[in-house]
Amino acid sequence: MAGMKGKQSVRDMVLSLGLIGIVAGFIYVFIPNDDSEPPLKRVDYRVELLTARRAAAYPVAAPEGLSKQWKATSVRFQGADFDAWHLGFHDPDGEYVAIEQSTQKPVTFIDDASQGAEETNRTQRIGERSWQRYEGAKYDALVLEEKGSTTVVTGTASFAQLTKMAEALKTE
């Protein structure tokens, strides 16, 4: 008789575990648990760009001719804060690329914009200009220091994609 009892409690345990599994599966299926990030909304930054270009003390840059796979996701112009221009994108690989421009003191601005990336001794020729490469734990960056303003192209994307963005930048 003792043997029967053991078998029965095992069977009961298996059944209740099965039931728990079914309930857990049901909860998993029907309760939204989207691990992937929600699709980012593409922002239209034309109005902000026009405003920034009218207001800023330097030529404001934005890309032209990039494929539709580059998705603008954020835009900001802060005239009261060193004429700070920000334009954020997701590149075709889903990595982040931002254009940051400002009249703020370069060393402070570059550190903030690139999330603490360090200057390397490598430069990159893009168009007529020489950009400085910065490498960091979070972001890498391409930096262009000009009279009166600094442009930083930065993000989690590869230098190839940062370069592609820098090459696409137009100021008018």
# chains A, B, ... in the order shown; residues from 1 in each chain; ligands from 1

$ residues_around --residues "Tyr96 of chain A" --least-positions-apart "2" --cutoff "6 Å" --atoms "only C-alpha atoms" --output "VMD selection string"
chain A and resid 89 to 90 155 to 157

$ residues_around --residues "Glu118 of chain A" --least-positions-apart "3" --cutoff "12 Å" --atoms "only C-alpha atoms" --output "JSON, numbers by chain"
{"A": [107, 110, 111, 112, 113, 114, 115, 121, 122, 132, 133, 134, 135, 136, 137, 138, 139, 140, 141, 142, 143]}

$ write_last_selection --atoms "C-alpha atoms" --output "mmCIF file, in the first residue's frame"
data_model
loop_
_atom_site.group_PDB
_atom_site.id
_atom_site.type_symbol
_atom_site.label_atom_id
_atom_site.label_comp_id
_atom_site.auth_asym_id
_atom_site.auth_seq_id
_atom_site.Cartn_x
_atom_site.Cartn_y
_atom_site.Cartn_z
ATOM 1 C CA VAL A 107 36.623 70.335 -24.515
ATOM 2 C CA ILE A 110 32.981 67.094 -26.893
ATOM 3 C CA ASP A 111 33.154 65.240 -23.579
ATOM 4 C CA ASP A 112 29.377 65.587 -23.042
ATOM 5 C CA ALA A 113 28.381 64.851 -26.632
ATOM 6 C CA SER A 114 30.609 61.769 -26.970
ATOM 7 C CA GLN A 115 29.843 60.460 -23.470
ATOM 8 C CA ASN A 121 45.776 60.614 -32.764
ATOM 9 C CA ARG A 122 43.808 59.579 -35.846
ATOM 10 C CA GLN A 132 39.417 64.007 -35.255
ATOM 11 C CA ARG A 133 38.573 60.463 -34.127
ATOM 12 C CA TYR A 134 37.519 59.860 -30.544
ATOM 13 C CA GLU A 135 37.020 56.401 -29.026
ATOM 14 C CA GLY A 136 35.037 55.573 -25.926
ATOM 15 C CA ALA A 137 33.465 52.812 -23.883
ATOM 16 C CA LYS A 138 29.922 53.854 -24.869
ATOM 17 C CA TYR A 139 30.284 56.023 -27.965
ATOM 18 C CA ASP A 140 32.881 56.666 -30.618
ATOM 19 C CA ALA A 141 32.942 60.049 -32.326
ATOM 20 C CA LEU A 142 34.186 62.135 -35.217
ATOM 21 C CA VAL A 143 34.856 65.716 -34.161
#

$ residues_around --residues "Leu87 of chain A" --least-positions-apart "2" --cutoff "10 Å" --atoms "only C-alpha atoms" --output "VMD selection string"
chain A and resid 43 45 48 to 49 61 to 63 72 to 77 85 89 97 to 101 153

$ closest_residue --among "A:Glu95, A:Glu64, A:Phe109, A:Gln8" --to "Asp81 of chain A" --atoms "only C-alpha atoms"
A:Phe109

$ select_by_dssp --residues "segment 30-153 of chain A" --states "alpha helix (DSSP H)" --output "NGL selection string"
:A and (30 or 46-55 or 106-113)

$ closest_residue --among "A:Glu145, A:Ala24, A:Val60, A:Thr108" --to "Leu169 of chain A" --atoms "only C-alpha atoms"
A:Val60

$ residues_around --residues "Ser149 of chain A" --least-positions-apart "3" --cutoff "9 Å" --atoms "only C-alpha atoms" --output "list in words"
Ala57, Tyr58, Pro59, Gln101, Ser102, Thr103, Gln104, Lys105, Pro106, Leu144, Glu145 and Glu146 of chain A

$ write_last_selection --atoms "N, CA and C atoms" --output "PDB file, in the first residue's frame"
ATOM      1  N   ALA A  57      24.396  80.745 -34.309  1.00  0.00           N
ATOM      2  CA  ALA A  57      25.517  81.621 -34.663  1.00  0.00           C
ATOM      3  C   ALA A  57      26.507  80.938 -35.602  1.00  0.00           C
ATOM      4  N   TYR A  58      26.169  79.731 -36.070  1.00  0.00           N
ATOM      5  CA  TYR A  58      27.073  78.966 -36.932  1.00  0.00           C
ATOM      6  C   TYR A  58      26.228  78.223 -37.963  1.00  0.00           C
ATOM      7  N   PRO A  59      26.841  77.689 -39.015  1.00  0.00           N
ATOM      8  CA  PRO A  59      26.072  76.920 -40.008  1.00  0.00           C
ATOM      9  C   PRO A  59      25.627  75.563 -39.438  1.00  0.00           C
ATOM     10  N   GLN A 101      25.981  69.839 -32.318  1.00  0.00           N
ATOM     11  CA  GLN A 101      26.748  71.050 -32.621  1.00  0.00           C
ATOM     12  C   GLN A 101      26.517  72.069 -31.529  1.00  0.00           C
ATOM     13  N   SER A 102      27.534  72.887 -31.269  1.00  0.00           N
ATOM     14  CA  SER A 102      27.407  73.861 -30.198  1.00  0.00           C
ATOM     15  C   SER A 102      28.511  74.903 -30.279  1.00  0.00           C
ATOM     16  N   THR A 103      28.254  76.047 -29.639  1.00  0.00           N
ATOM     17  CA  THR A 103      29.278  77.091 -29.511  1.00  0.00           C
ATOM     18  C   THR A 103      29.983  76.969 -28.154  1.00  0.00           C
ATOM     19  N   GLN A 104      29.590  75.968 -27.375  1.00  0.00           N
ATOM     20  CA  GLN A 104      30.200  75.748 -26.054  1.00  0.00           C
ATOM     21  C   GLN A 104      31.694  75.451 -26.207  1.00  0.00           C
ATOM     22  N   LYS A 105      32.450  75.680 -25.127  1.00  0.00           N
ATOM     23  CA  LYS A 105      33.884  75.399 -25.132  1.00  0.00           C
ATOM     24  C   LYS A 105      34.107  73.958 -25.604  1.00  0.00           C
ATOM     25  N   PRO A 106      34.916  73.761 -26.651  1.00  0.00           N
ATOM     26  CA  PRO A 106      35.033  72.433 -27.262  1.00  0.00           C
ATOM     27  C   PRO A 106      35.295  71.292 -26.288  1.00  0.00           C
ATOM     28  N   LEU A 144      34.723  67.751 -35.424  1.00  0.00           N
ATOM     29  CA  LEU A 144      35.203  68.822 -36.283  1.00  0.00           C
ATOM     30  C   LEU A 144      35.152  70.126 -35.496  1.00  0.00           C
ATOM     31  N   GLU A 145      36.327  70.660 -35.175  1.00  0.00           N
ATOM     32  CA  GLU A 145      36.372  71.943 -34.465  1.00  0.00           C
ATOM     33  C   GLU A 145      36.588  73.049 -35.483  1.00  0.00           C
ATOM     34  N   GLU A 146      35.657  73.989 -35.476  1.00  0.00           N
ATOM     35  CA  GLU A 146      35.779  75.125 -36.386  1.00  0.00           C
ATOM     36  C   GLU A 146      35.707  76.405 -35.575  1.00  0.00           C
TER      37      GLU A 146
END

$ atom_distance --atom1 "atom CA of Arg54 of chain A" --atom2 "atom CA of Ala84 of chain A"
13.2 Å

$ closest_residue --among "A:Ser130, A:Ser158, A:Ser67, A:Thr151" --to "Thr171 of chain A" --atoms "only C-alpha atoms"
A:Thr151

$ closest_residue --among "A:Ala56, A:Leu19, A:Lys68, A:Thr123" --to "Asp91 of chain A" --atoms "only C-alpha atoms"
A:Lys68

$ select_by_dssp --residues "segment 1-171 of chain A" --states "strand (DSSP E)" --output "PyMOL selection string"
chain A and resi 62-63+71-78+84-90+96-102+118-126+129-135+140-146+149-155+169-170

$ atom_distance --atom1 "atom CA of Leu66 of chain A" --atom2 "atom CA of Ala168 of chain A"
6.8 Å
